[in-house]
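work-v4.pdb follows; it contains PDB, C-alpha atoms, pLDDT in the B column.
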ATOM      1  CA  MET V 575      77.731 122.257  81.272  1.00 59.00           C
ATOM      2  CA  LYS V 576      79.997 122.967  84.231  1.00 69.00           C
ATOM      3  CA  LYS V 577      81.496 119.844  85.778  1.00 78.00           C
ATOM      4  CA  ARG V 578      81.813 119.400  89.529  1.00 87.00           C
ATOM      5  CA  ILE V 579      85.469 119.230  90.412  1.00 94.00           C
ATOM      6  CA  ILE V 580      85.578 118.562  94.145  1.00 94.00           C
ATOM      7  CA  ARG V 581      88.255 115.907  94.654  1.00 96.00           C
ATOM      8  CA  LYS V 582      91.910 116.623  95.312  1.00 98.00           C
ATOM      9  CA  LEU V 583      93.311 113.786  93.165  1.00 97.00           C
ATOM     10  CA  TYR V 584      92.169 112.591  89.752  1.00 97.00           C
ATOM     11  CA  THR V 585      94.052 109.956  87.778  1.00 96.00           C
ATOM     12  CA  LEU V 586      94.321 109.011  84.119  1.00 95.00           C
ATOM     13  CA  GLU V 587      94.808 105.369  85.023  1.00 94.00           C
ATOM     14  CA  ASN V 588      93.282 102.804  87.323  1.00 93.00           C
ATOM     15  CA  TYR V 589      94.341  99.329  88.366  1.00 92.00           C
ATOM     16  CA  VAL V 590      91.829  96.518  88.000  1.00 90.00           C
ATOM     17  CA  PHE V 591      91.938  92.776  88.501  1.00 90.00           C
ATOM     18  CA  ARG V 592      91.184  90.908  85.245  1.00 90.00           C
ATOM     19  CA  ASN V 593      91.811  87.323  84.198  1.00 91.00           C
ATOM     20  CA  GLY V 594      93.800  86.658  87.348  1.00 93.00           C
ATOM     21  CA  ARG V 595      96.108  89.664  86.833  1.00 94.00           C
ATOM     22  CA  ILE V 596      96.320  93.262  87.864  1.00 92.00           C
ATOM     23  CA  CYS V 597      95.981  95.511  84.807  1.00 91.00           C
ATOM     24  CA  CYS V 598      96.364  99.243  84.343  1.00 91.00           C
ATOM     25  CA  ILE V 599      93.470 100.713  82.362  1.00 91.00           C
ATOM     26  CA  GLU V 600      92.478 104.111  80.967  1.00 92.00           C
ATOM     27  CA  ASN V 601      89.043 105.313  79.945  1.00 92.00           C
ATOM     28  CA  ASP V 602      88.506 105.215  76.169  1.00 91.00           C
ATOM     29  CA  ASP V 603      86.915 108.662  76.235  1.00 92.00           C
ATOM     30  CA  GLY V 604      89.887 110.227  78.095  1.00 91.00           C
ATOM     31  CA  THR V 605      87.953 110.906  81.283  1.00 94.00           C
ATOM     32  CA  LEU V 606      89.654 110.707  84.642  1.00 96.00           C
ATOM     33  CA  PHE V 607      89.233 108.431  87.638  1.00 96.00           C
ATOM     34  CA  TYR V 608      88.627 109.355  91.233  1.00 95.00           C
ATOM     35  CA  GLU V 609      89.974 106.419  93.196  1.00 92.00           C
ATOM     36  CA  ARG V 610      88.437 103.456  91.324  1.00 90.00           C
ATOM     37  CA  TYR V 611      85.465 105.369  89.972  1.00 93.00           C
ATOM     38  CA  LYS V 612      85.145 106.751  86.465  1.00 94.00           C
ATOM     39  CA  THR V 613      84.260 110.444  86.320  1.00 95.00           C
ATOM     40  CA  LYS V 614      82.969 112.664  83.521  1.00 94.00           C
ATOM     41  CA  ILE V 615      85.947 114.988  83.975  1.00 95.00           C
ATOM     42  CA  LEU V 616      88.607 115.424  81.289  1.00 93.00           C
ATOM     43  CA  PRO V 617      92.108 116.782  82.017  1.00 93.00           C
ATOM     44  CA  GLU V 618      91.232 120.045  80.240  1.00 91.00           C
ATOM     45  CA  ASP V 619      88.288 120.523  82.643  1.00 93.00           C
ATOM     46  CA  LEU V 620      90.641 120.808  85.612  1.00 94.00           C
ATOM     47  CA  PRO V 621      91.711 124.235  86.861  1.00 93.00           C
ATOM     48  CA  GLU V 622      95.347 125.280  86.518  1.00 93.00           C
ATOM     49  CA  TRP V 623      96.162 124.469  90.164  1.00 95.00           C
ATOM     50  CA  TYR V 624      95.997 120.732  89.459  1.00 96.00           C
ATOM     51  CA  VAL V 625      99.558 119.483  89.026  1.00 96.00           C
ATOM     52  CA  TYR V 626     100.292 116.589  86.697  1.00 95.00           C
ATOM     53  CA  GLY V 627     102.491 113.799  88.005  1.00 94.00           C
ATOM     54  CA  ARG V 628     102.698 110.222  89.155  1.00 94.00           C
ATOM     55  CA  TYR V 629     100.767 109.684  92.358  1.00 95.00           C
ATOM     56  CA  TYR V 630     100.310 106.287  93.952  1.00 92.00           C
ATOM     57  CA  LYS V 631     101.729 104.586  90.828  1.00 91.00           C
ATOM     58  CA  ARG V 632      99.172 106.290  88.575  1.00 93.00           C
ATOM     59  CA  PHE V 633      99.532 109.317  86.331  1.00 94.00           C
ATOM     60  CA  GLY V 634      97.119 112.058  87.227  1.00 95.00           C
ATOM     61  CA  TYR V 635      96.506 115.480  88.740  1.00 97.00           C
ATOM     62  CA  LEU V 636      96.716 116.672  92.339  1.00 97.00           C
ATOM     63  CA  SER V 637      95.254 119.959  93.552  1.00 97.00           C
ATOM     64  CA  THR V 638      97.655 122.497  95.032  1.00 97.00           C
ATOM     65  CA  LYS V 639      94.839 124.794  96.131  1.00 97.00           C
ATOM     66  CA  GLY V 640      93.682 124.628  99.731  1.00 97.00           C
ATOM     67  CA  ILE V 641      96.830 123.060 101.183  1.00 98.00           C
ATOM     68  CA  LYS V 642      96.943 123.751 104.922  1.00 98.00           C
ATOM     69  CA  ASP V 643     100.139 121.927 105.923  1.00 98.00           C
ATOM     70  CA  MET V 644     103.058 120.011 104.421  1.00 98.00           C
ATOM     71  CA  VAL V 645     105.916 118.022 105.906  1.00 97.00           C
ATOM     72  CA  TYR V 646     108.967 117.033 103.884  1.00 96.00           C
ATOM     73  CA  VAL V 647     110.618 113.778 104.955  1.00 94.00           C
ATOM     74  CA  PRO V 648     113.974 113.342 103.197  1.00 93.00           C
ATOM     75  CA  ASN V 649     115.681 109.978 102.944  1.00 89.00           C
ATOM     76  CA  LEU V 650     119.287 110.806 103.783  1.00 83.00           C
ATOM     77  CA  TRP V 651     120.533 107.222 103.681  1.00 82.00           C
ATOM     78  CA  ILE V 652     120.357 106.567  99.967  1.00 81.00           C
ATOM     79  CA  ASN V 653     121.981 108.110  96.893  1.00 84.00           C
ATOM     80  CA  HIS V 654     118.833 109.365  95.136  1.00 87.00           C
ATOM     81  CA  PHE V 655     117.579 112.911  94.870  1.00 90.00           C
ATOM     82  CA  LEU V 656     113.884 113.059  95.909  1.00 91.00           C
ATOM     83  CA  ARG V 657     113.029 109.538  94.669  1.00 88.00           C
ATOM     84  CA  ASP V 658     112.746 108.040  98.146  1.00 90.00           C
ATOM     85  CA  ASP V 659     111.663 111.237  99.904  1.00 94.00           C
ATOM     86  CA  PHE V 660     108.112 112.008 101.018  1.00 94.00           C
ATOM     87  CA  LEU V 661     106.045 115.150 100.982  1.00 97.00           C
ATOM     88  CA  LEU V 662     103.038 114.813 103.265  1.00 97.00           C
ATOM     89  CA  ILE V 663     100.113 117.066 102.364  1.00 98.00           C
ATOM     90  CA  SER V 664      97.113 118.054 104.451  1.00 98.00           C
ATOM     91  CA  TYR V 665      94.073 119.930 103.164  1.00 98.00           C
ATOM     92  CA  SER V 666      92.360 120.041 106.559  1.00 96.00           C
ATOM     93  CA  GLY V 667      94.832 121.032 109.264  1.00 95.00           C
ATOM     94  CA  LYS V 668      98.214 120.485 110.880  1.00 97.00           C
ATOM     95  CA  ILE V 669     100.201 117.288 110.351  1.00 97.00           C
ATOM     96  CA  LYS V 670     101.271 115.878 113.712  1.00 96.00           C
ATOM     97  CA  ILE V 671     104.023 113.564 114.853  1.00 94.00           C
ATOM     98  CA  ILE V 672     102.308 110.782 116.797  1.00 93.00           C
ATOM     99  CA  ASN V 673     105.265 108.448 117.322  1.00 91.00           C
ATOM    100  CA  ASP V 674     108.726 109.982 117.138  1.00 88.00           C
ATOM    101  CA  ASN V 675     110.391 106.558 117.335  1.00 88.00           C
ATOM    102  CA  ALA V 676     108.368 104.992 114.513  1.00 86.00           C
ATOM    103  CA  ARG V 677     110.277 103.229 111.763  1.00 82.00           C
ATOM    104  CA  SER V 678     107.946 104.280 108.948  1.00 83.00           C
ATOM    105  CA  THR V 679     106.348 107.522 107.853  1.00 80.00           C
ATOM    106  CA  PHE V 680     102.917 105.897 108.081  1.00 81.00           C
ATOM    107  CA  GLU V 681     103.377 105.212 111.799  1.00 88.00           C
ATOM    108  CA  LYS V 682     105.146 108.490 112.642  1.00 93.00           C
ATOM    109  CA  TYR V 683     102.738 111.114 111.260  1.00 95.00           C
ATOM    110  CA  ASP V 684      99.016 111.701 111.427  1.00 95.00           C
ATOM    111  CA  GLY V 685      96.704 114.240 109.809  1.00 96.00           C
ATOM    112  CA  TYR V 686      97.931 114.113 106.225  1.00 96.00           C
ATOM    113  CA  ASP V 687      95.786 113.367 103.204  1.00 97.00           C
ATOM    114  CA  TYR V 688      98.385 112.502 100.560  1.00 97.00           C
ATOM    115  CA  GLN V 689     101.949 111.299 100.467  1.00 96.00           C
ATOM    116  CA  ILE V 690     103.949 112.388  97.404  1.00 95.00           C
ATOM    117  CA  HIS V 691     107.266 110.923  96.251  1.00 93.00           C
ATOM    118  CA  GLY V 692     109.937 111.874  93.753  1.00 92.00           C
ATOM    119  CA  THR V 693     110.257 114.893  91.525  1.00 92.00           C
ATOM    120  CA  GLU V 694     106.530 115.621  91.789  1.00 96.00           C
ATOM    121  CA  ILE V 695     107.481 117.133  95.167  1.00 97.00           C
ATOM    122  CA  LEU V 696     108.996 120.139  93.368  1.00 96.00           C
ATOM    123  CA  ASP V 697     105.909 120.997  91.308  1.00 96.00           C
ATOM    124  CA  ILE V 698     103.594 120.461  94.276  1.00 97.00           C
ATOM    125  CA  LEU V 699     105.717 122.914  96.276  1.00 97.00           C
ATOM    126  CA  LYS V 700     105.587 125.417  93.426  1.00 96.00           C
ATOM    127  CA  GLY V 701     101.802 125.054  93.161  1.00 96.00           C
ATOM    128  CA  ALA V 702     101.311 125.308  96.941  1.00 97.00           C
ATOM    129  CA  LYS V 703     103.211 128.583  96.978  1.00 96.00           C
ATOM    130  CA  ILE V 704     101.121 130.025  94.140  1.00 96.00           C
ATOM    131  CA  TYR V 705      97.624 128.659  94.838  1.00 96.00           C
ATOM    132  CA  SER V 706      97.637 128.090  98.611  1.00 97.00           C
ATOM    133  CA  ASP V 707      99.957 130.946  99.568  1.00 97.00           C
ATOM    134  CA  TYR V 708     101.929 128.353 101.524  1.00 97.00           C
ATOM    135  CA  ASN V 709     105.389 129.249 102.854  1.00 97.00           C
ATOM    136  CA  ILE V 710     107.608 126.635 101.188  1.00 97.00           C
ATOM    137  CA  GLU V 711     110.932 128.167 102.310  1.00 97.00           C
ATOM    138  CA  PRO V 712     111.559 125.729 105.209  1.00 98.00           C
ATOM    139  CA  ILE V 713     111.070 122.797 102.823  1.00 97.00           C
ATOM    140  CA  ILE V 714     113.300 124.428 100.187  1.00 97.00           C
ATOM    141  CA  GLU V 715     116.029 124.707 102.840  1.00 97.00           C
ATOM    142  CA  GLN V 716     115.627 120.992 103.659  1.00 96.00           C
ATOM    143  CA  ILE V 717     115.998 120.110  99.973  1.00 95.00           C
ATOM    144  CA  LYS V 718     119.121 122.270  99.730  1.00 95.00           C
ATOM    145  CA  GLU V 719     120.520 120.446 102.749  1.00 94.00           C
ATOM    146  CA  LYS V 720     119.745 117.108 101.105  1.00 92.00           C
ATOM    147  CA  LYS V 721     121.608 118.245  97.977  1.00 91.00           C
ATOM    148  CA  LYS V 722     124.610 119.207 100.106  1.00 91.00           C
ATOM    149  CA  ILE V 723     124.587 115.833 101.889  1.00 90.00           C
ATOM    150  CA  LEU V 724     124.366 113.971  98.561  1.00 90.00           C
ATOM    151  CA  GLN V 725     127.346 115.936  97.228  1.00 89.00           C
ATOM    152  CA  GLU V 726     129.380 115.129 100.346  1.00 88.00           C
ATOM    153  CA  LYS V 727     128.430 111.454 100.705  1.00 88.00           C
ATOM    154  CA  HIS V 728     128.274 110.553  96.994  1.00 87.00           C
ATOM    155  CA  PRO V 729     130.694 112.835  95.100  1.00 85.00           C
ATOM    156  CA  GLU V 730     131.073 110.302  92.276  1.00 85.00           C
ATOM    157  CA  GLU V 731     127.400 110.813  91.390  1.00 86.00           C
ATOM    158  CA  PHE V 732     126.511 114.203  92.866  1.00 87.00           C
ATOM    159  CA  GLY V 733     129.793 116.112  92.765  1.00 80.00           C
ATOM    160  CA  GLU V 734     129.780 119.676  91.404  1.00 80.00           C
ATOM    161  CA  GLU V 735     131.191 118.584  88.027  1.00 79.00           C
ATOM    162  CA  LYS V 736     128.794 115.611  87.728  1.00 80.00           C
ATOM    163  CA  TRP V 737     125.423 116.980  88.822  1.00 83.00           C
ATOM    164  CA  SER V 738     123.909 120.372  89.377  1.00 85.00           C
ATOM    165  CA  PHE V 739     120.420 121.415  90.369  1.00 89.00           C
ATOM    166  CA  ASP V 740     119.442 124.939  91.332  1.00 91.00           C
ATOM    167  CA  ILE V 741     116.175 124.706  93.250  1.00 93.00           C
ATOM    168  CA  ASP V 742     115.863 128.505  93.530  1.00 94.00           C
ATOM    169  CA  LYS V 743     115.999 128.808  89.738  1.00 94.00           C
ATOM    170  CA  TYR V 744     113.524 125.933  89.327  1.00 94.00           C
ATOM    171  CA  MET V 745     111.041 127.531  91.719  1.00 94.00           C
ATOM    172  CA  LYS V 746     111.092 130.761  89.680  1.00 94.00           C
ATOM    173  CA  GLU V 747     110.051 128.939  86.499  1.00 93.00           C
ATOM    174  CA  ASP V 748     106.377 128.852  85.560  1.00 90.00           C
ATOM    175  CA  LEU V 749     104.211 125.979  86.706  1.00 89.00           C
ATOM    176  CA  ILE V 750     102.973 124.317  83.527  1.00 83.00           C
ATOM    177  CA  PHE V 751      99.588 122.638  83.329  1.00 79.00           C
ATOM    178  CA  TYR V 752     100.299 119.454  81.403  1.00 78.00           C
ATOM    179  CA  LYS V 753      97.653 117.885  79.185  1.00 71.00           C
ATOM    180  CA  PRO V 754      98.647 114.438  77.935  1.00 69.00           C
ATOM    181  CA  LYS V 755      98.170 113.577  74.291  1.00 63.00           C
ATOM    182  CA  LYS V 756      95.546 110.954  73.559  1.00 59.00           C
ATOM    183  CA  ARG V 757      97.127 107.543  73.179  1.00 54.00           C
ATOM    184  CA  ILE V 758      96.252 105.463  70.153  1.00 48.00           C
TER     185      ILE V 758
END
Would you mind giving the structure from this file in structure tokens?
Amino acid sequence: MKKRIIRKLYTLENYVFRNGRICCIENDDGTLFYERYKTKILPEDLPEWYVYGRYYKRFGYLSTKGIKDMVYVPNLWINHFLRDDFLLISYSGKIKIINDNARSTFEKYDGYDYQIHGTEILDILKGAKIYSDYNIEPIIEQIKEKKKILQEKHPEEFGEEKWSFDIDKYMKEDLIFYKPKKRI
């Protein structure tokens, strides 16, 4: 039986409110969630363009097929590589700046469907290049610039002898579809 896979994000975990606390749950049968709803879909049912990662504080899979636009928003004021950066993703059209003076990403941009943080940005970019034929070069250049700024502003952590990351080399590596092992 072929399963209908129509959503862009499926998660392994869901947060629920039980006994006065917020708890993270998984389905006993290994099926995924869409938002708060249990599906009949297992990770192995997903096509290869779904990228495993942590999205909205839940482990799961995000589709890299059908991406129409992306905007990378680096945080240049902190000494972390990608952790506090955003990658805005749209599956429907162009992402627009609606308030150039806004203090937050939420208020500044409109037209995006998902907001990705951290190292998942790299695999989403890789998947978008492969499965959406999206030109990621402008974003790669922004990430290279962020690396340069980190090395200049924080040489004790990101100096050449302390830290090295070659994004060009990383982007040439295969995108691996990750299937988590069943937890006991």
Let me know the residues the PyMOL selection byres ((chain V and resi 742) around 12) catches in the file above, as an MDAnalysis selection string.
chainID V and resid 696 699:700 710:711 713:715 717:718 739:741 743:747
Figure out the distance between atom CA of His691 of chain V and atom CA of Arg657 of chain V, please, to one decimal in Å.
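So the two atoms, atom CA of Arg657 of chain V and atom CA of His691 of chain V, lie 6.1 Å apart.
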What lies within 9 Å of segment 610-615 of chain V using all atoms listed in the file, ignoring chain neighbours under 3 positions off, as a list in words?
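In the requested form, the answer reads Lys577, Arg578, Ile579, Tyr584, Asn588, Tyr589, Val590, Asn601, Gly604, Thr605, Leu606, Phe607, Glu618, Asp619 and Leu620 of chain V.
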Spatial neighbours of segment 666-668 of chain V, max dist 9 Å, all atoms listed in the file, sep filter under 6 positions, as a PyMOL selection string:
chain V and resi 640-644+684-687
I need the output of the PyMOL selection byres ((chain V and resi 683) around 6) for this file as a VMD selection string; which residues are they?
chain V and resid 670 to 672 681 to 682 684
Do you know which residues the PyMOL selection byres ((chain V and resi 628) around 10) returns on this file, as a list in words?
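Evaluating the PyMOL selection byres ((chain V and resi 628) around 10) on these coordinates yields Thr585, Leu586, Val625, Tyr626, Gly627, Tyr629, Tyr630, Lys631, Arg632, Phe633, Gly634, Tyr635, Leu636, Ile690, His691, Gly692, Thr693 and Glu694 of chain V.
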Straight-line distance linking atom CA of Leu661 of chain V with atom CA of Ile695 of chain V, stated in Å to one decimal:
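Atom CA of Leu661 of chain V sits 6.3 Å away from atom CA of Ile695 of chain V.
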Could you check which of V:Gly733, V:Pro712, V:Pro648, V:Pro617 is closest to Leu583 of chain V, using all atoms listed in the file?
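Among the listed residues, V:Pro617 lies closest to Leu583 of chain V.
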Report, in Å to a single decimal, how far apart atom CA of Leu749 of chain V and atom CA of Tyr665 of chain V are.
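These two atoms are separated by 20.3 Å.
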Produce segment 610-706 of chain V of the given structure as output with C-alpha atoms, as a PDB file, in the first residue's frame.
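Written output follows (decode_2.pdb):
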ATOM      1  CA  ARG V 610       0.383  17.218  16.509  1.00  0.00           C
ATOM      2  CA  TYR V 611      -1.252  14.476  14.478  1.00  0.00           C
ATOM      3  CA  LYS V 612      -0.082  10.884  14.279  1.00  0.00           C
ATOM      4  CA  THR V 613       0.421   9.601  10.738  1.00  0.00           C
ATOM      5  CA  LYS V 614       0.806   6.104   9.307  1.00  0.00           C
ATOM      6  CA  ILE V 615       4.140   7.090   7.763  1.00  0.00           C
ATOM      7  CA  LEU V 616       7.431   5.547   8.887  1.00  0.00           C
ATOM      8  CA  PRO V 617      10.829   7.189   8.264  1.00  0.00           C
ATOM      9  CA  GLU V 618      11.653   4.533   5.648  1.00  0.00           C
ATOM     10  CA  ASP V 619       8.497   5.512   3.711  1.00  0.00           C
ATOM     11  CA  LEU V 620       9.869   8.994   3.057  1.00  0.00           C
ATOM     12  CA  PRO V 621      11.642   9.748  -0.219  1.00  0.00           C
ATOM     13  CA  GLU V 622      15.356  10.543  -0.176  1.00  0.00           C
ATOM     14  CA  TRP V 623      14.784  14.314  -0.425  1.00  0.00           C
ATOM     15  CA  TYR V 624      13.565  14.454   3.178  1.00  0.00           C
ATOM     16  CA  VAL V 625      16.457  15.653   5.329  1.00  0.00           C
ATOM     17  CA  TYR V 626      16.788  14.469   8.910  1.00  0.00           C
ATOM     18  CA  GLY V 627      17.445  17.082  11.569  1.00  0.00           C
ATOM     19  CA  ARG V 628      16.090  18.997  14.511  1.00  0.00           C
ATOM     20  CA  TYR V 629      13.272  21.297  13.489  1.00  0.00           C
ATOM     21  CA  TYR V 630      11.258  23.327  15.962  1.00  0.00           C
ATOM     22  CA  LYS V 631      12.833  21.410  18.879  1.00  0.00           C
ATOM     23  CA  ARG V 632      11.753  18.055  17.433  1.00  0.00           C
ATOM     24  CA  PHE V 633      13.738  15.484  15.487  1.00  0.00           C
ATOM     25  CA  GLY V 634      12.252  14.792  12.103  1.00  0.00           C
ATOM     26  CA  TYR V 635      12.439  15.167   8.335  1.00  0.00           C
ATOM     27  CA  LEU V 636      12.018  18.226   6.125  1.00  0.00           C
ATOM     28  CA  SER V 637      11.482  18.047   2.370  1.00  0.00           C
ATOM     29  CA  THR V 638      14.082  19.699   0.155  1.00  0.00           C
ATOM     30  CA  LYS V 639      12.027  19.140  -2.988  1.00  0.00           C
ATOM     31  CA  GLY V 640       9.918  22.001  -4.292  1.00  0.00           C
ATOM     32  CA  ILE V 641      11.801  24.820  -2.564  1.00  0.00           C
ATOM     33  CA  LYS V 642      11.083  28.082  -4.386  1.00  0.00           C
ATOM     34  CA  ASP V 643      13.050  30.570  -2.267  1.00  0.00           C
ATOM     35  CA  MET V 644      15.440  30.717   0.684  1.00  0.00           C
ATOM     36  CA  VAL V 645      16.910  33.554   2.714  1.00  0.00           C
ATOM     37  CA  TYR V 646      19.881  33.073   5.020  1.00  0.00           C
ATOM     38  CA  VAL V 647      19.954  35.376   8.047  1.00  0.00           C
ATOM     39  CA  PRO V 648      23.312  35.121   9.836  1.00  0.00           C
ATOM     40  CA  ASN V 649      23.771  36.274  13.408  1.00  0.00           C
ATOM     41  CA  LEU V 650      27.053  38.174  13.257  1.00  0.00           C
ATOM     42  CA  TRP V 651      26.981  39.342  16.868  1.00  0.00           C
ATOM     43  CA  ILE V 652      27.646  36.072  18.633  1.00  0.00           C
ATOM     44  CA  ASN V 653      30.494  33.550  18.621  1.00  0.00           C
ATOM     45  CA  HIS V 654      28.591  30.525  17.280  1.00  0.00           C
ATOM     46  CA  PHE V 655      28.747  29.030  13.821  1.00  0.00           C
ATOM     47  CA  LEU V 656      25.189  28.574  12.447  1.00  0.00           C
ATOM     48  CA  ARG V 657      23.574  27.928  15.858  1.00  0.00           C
ATOM     49  CA  ASP V 658      21.831  31.297  16.025  1.00  0.00           C
ATOM     50  CA  ASP V 659      21.451  31.770  12.268  1.00  0.00           C
ATOM     51  CA  PHE V 660      18.214  31.296  10.335  1.00  0.00           C
ATOM     52  CA  LEU V 661      17.437  29.800   6.973  1.00  0.00           C
ATOM     53  CA  LEU V 662      13.981  30.829   5.804  1.00  0.00           C
ATOM     54  CA  ILE V 663      12.376  28.435   3.326  1.00  0.00           C
ATOM     55  CA  SER V 664       9.433  28.994   1.012  1.00  0.00           C
ATOM     56  CA  TYR V 665       7.705  26.294  -1.023  1.00  0.00           C
ATOM     57  CA  SER V 666       5.249  28.702  -2.648  1.00  0.00           C
ATOM     58  CA  GLY V 667       7.042  31.832  -3.832  1.00  0.00           C
ATOM     59  CA  LYS V 668       9.436  34.657  -3.034  1.00  0.00           C
ATOM     60  CA  ILE V 669      10.280  35.626   0.543  1.00  0.00           C
ATOM     61  CA  LYS V 670       9.814  39.369   0.997  1.00  0.00           C
ATOM     62  CA  ILE V 671      11.175  41.929   3.410  1.00  0.00           C
ATOM     63  CA  ILE V 672       8.144  43.674   4.900  1.00  0.00           C
ATOM     64  CA  ASN V 673       9.855  45.758   7.581  1.00  0.00           C
ATOM     65  CA  ASP V 674      13.534  46.523   7.084  1.00  0.00           C
ATOM     66  CA  ASN V 675      13.809  48.080  10.554  1.00  0.00           C
ATOM     67  CA  ALA V 676      12.256  45.139  12.410  1.00  0.00           C
ATOM     68  CA  ARG V 677      14.144  43.753  15.381  1.00  0.00           C
ATOM     69  CA  SER V 678      13.203  40.120  14.770  1.00  0.00           C
ATOM     70  CA  THR V 679      13.180  37.819  11.776  1.00  0.00           C
ATOM     71  CA  PHE V 680       9.484  37.125  12.350  1.00  0.00           C
ATOM     72  CA  GLU V 681       8.617  40.803  11.876  1.00  0.00           C
ATOM     73  CA  LYS V 682      11.081  41.482   9.038  1.00  0.00           C
ATOM     74  CA  TYR V 683      10.202  38.761   6.505  1.00  0.00           C
ATOM     75  CA  ASP V 684       7.015  37.410   5.007  1.00  0.00           C
ATOM     76  CA  GLY V 685       6.259  34.531   2.652  1.00  0.00           C
ATOM     77  CA  TYR V 686       8.327  31.777   4.234  1.00  0.00           C
ATOM     78  CA  ASP V 687       7.000  28.428   5.377  1.00  0.00           C
ATOM     79  CA  TYR V 688       9.782  27.192   7.662  1.00  0.00           C
ATOM     80  CA  GLN V 689      12.598  28.689   9.660  1.00  0.00           C
ATOM     81  CA  ILE V 690      15.625  26.417  10.151  1.00  0.00           C
ATOM     82  CA  HIS V 691      18.428  26.925  12.673  1.00  0.00           C
ATOM     83  CA  GLY V 692      21.851  25.442  13.270  1.00  0.00           C
ATOM     84  CA  THR V 693      23.792  22.873  11.316  1.00  0.00           C
ATOM     85  CA  GLU V 694      20.621  21.577   9.656  1.00  0.00           C
ATOM     86  CA  ILE V 695      21.037  24.637   7.406  1.00  0.00           C
ATOM     87  CA  LEU V 696      23.925  22.899   5.616  1.00  0.00           C
ATOM     88  CA  ASP V 697      22.028  19.712   4.751  1.00  0.00           C
ATOM     89  CA  ILE V 698      18.932  21.658   3.709  1.00  0.00           C
ATOM     90  CA  LEU V 699      21.108  23.695   1.334  1.00  0.00           C
ATOM     91  CA  LYS V 700      22.645  20.516  -0.055  1.00  0.00           C
ATOM     92  CA  GLY V 701      19.199  18.964  -0.561  1.00  0.00           C
ATOM     93  CA  ALA V 702      17.780  22.139  -2.143  1.00  0.00           C
ATOM     94  CA  LYS V 703      20.588  22.139  -4.684  1.00  0.00           C
ATOM     95  CA  ILE V 704      20.003  18.486  -5.586  1.00  0.00           C
ATOM     96  CA  TYR V 705      16.204  18.135  -5.418  1.00  0.00           C
ATOM     97  CA  SER V 706      14.959  21.671  -6.124  1.00  0.00           C
TER      98      SER V 706
END
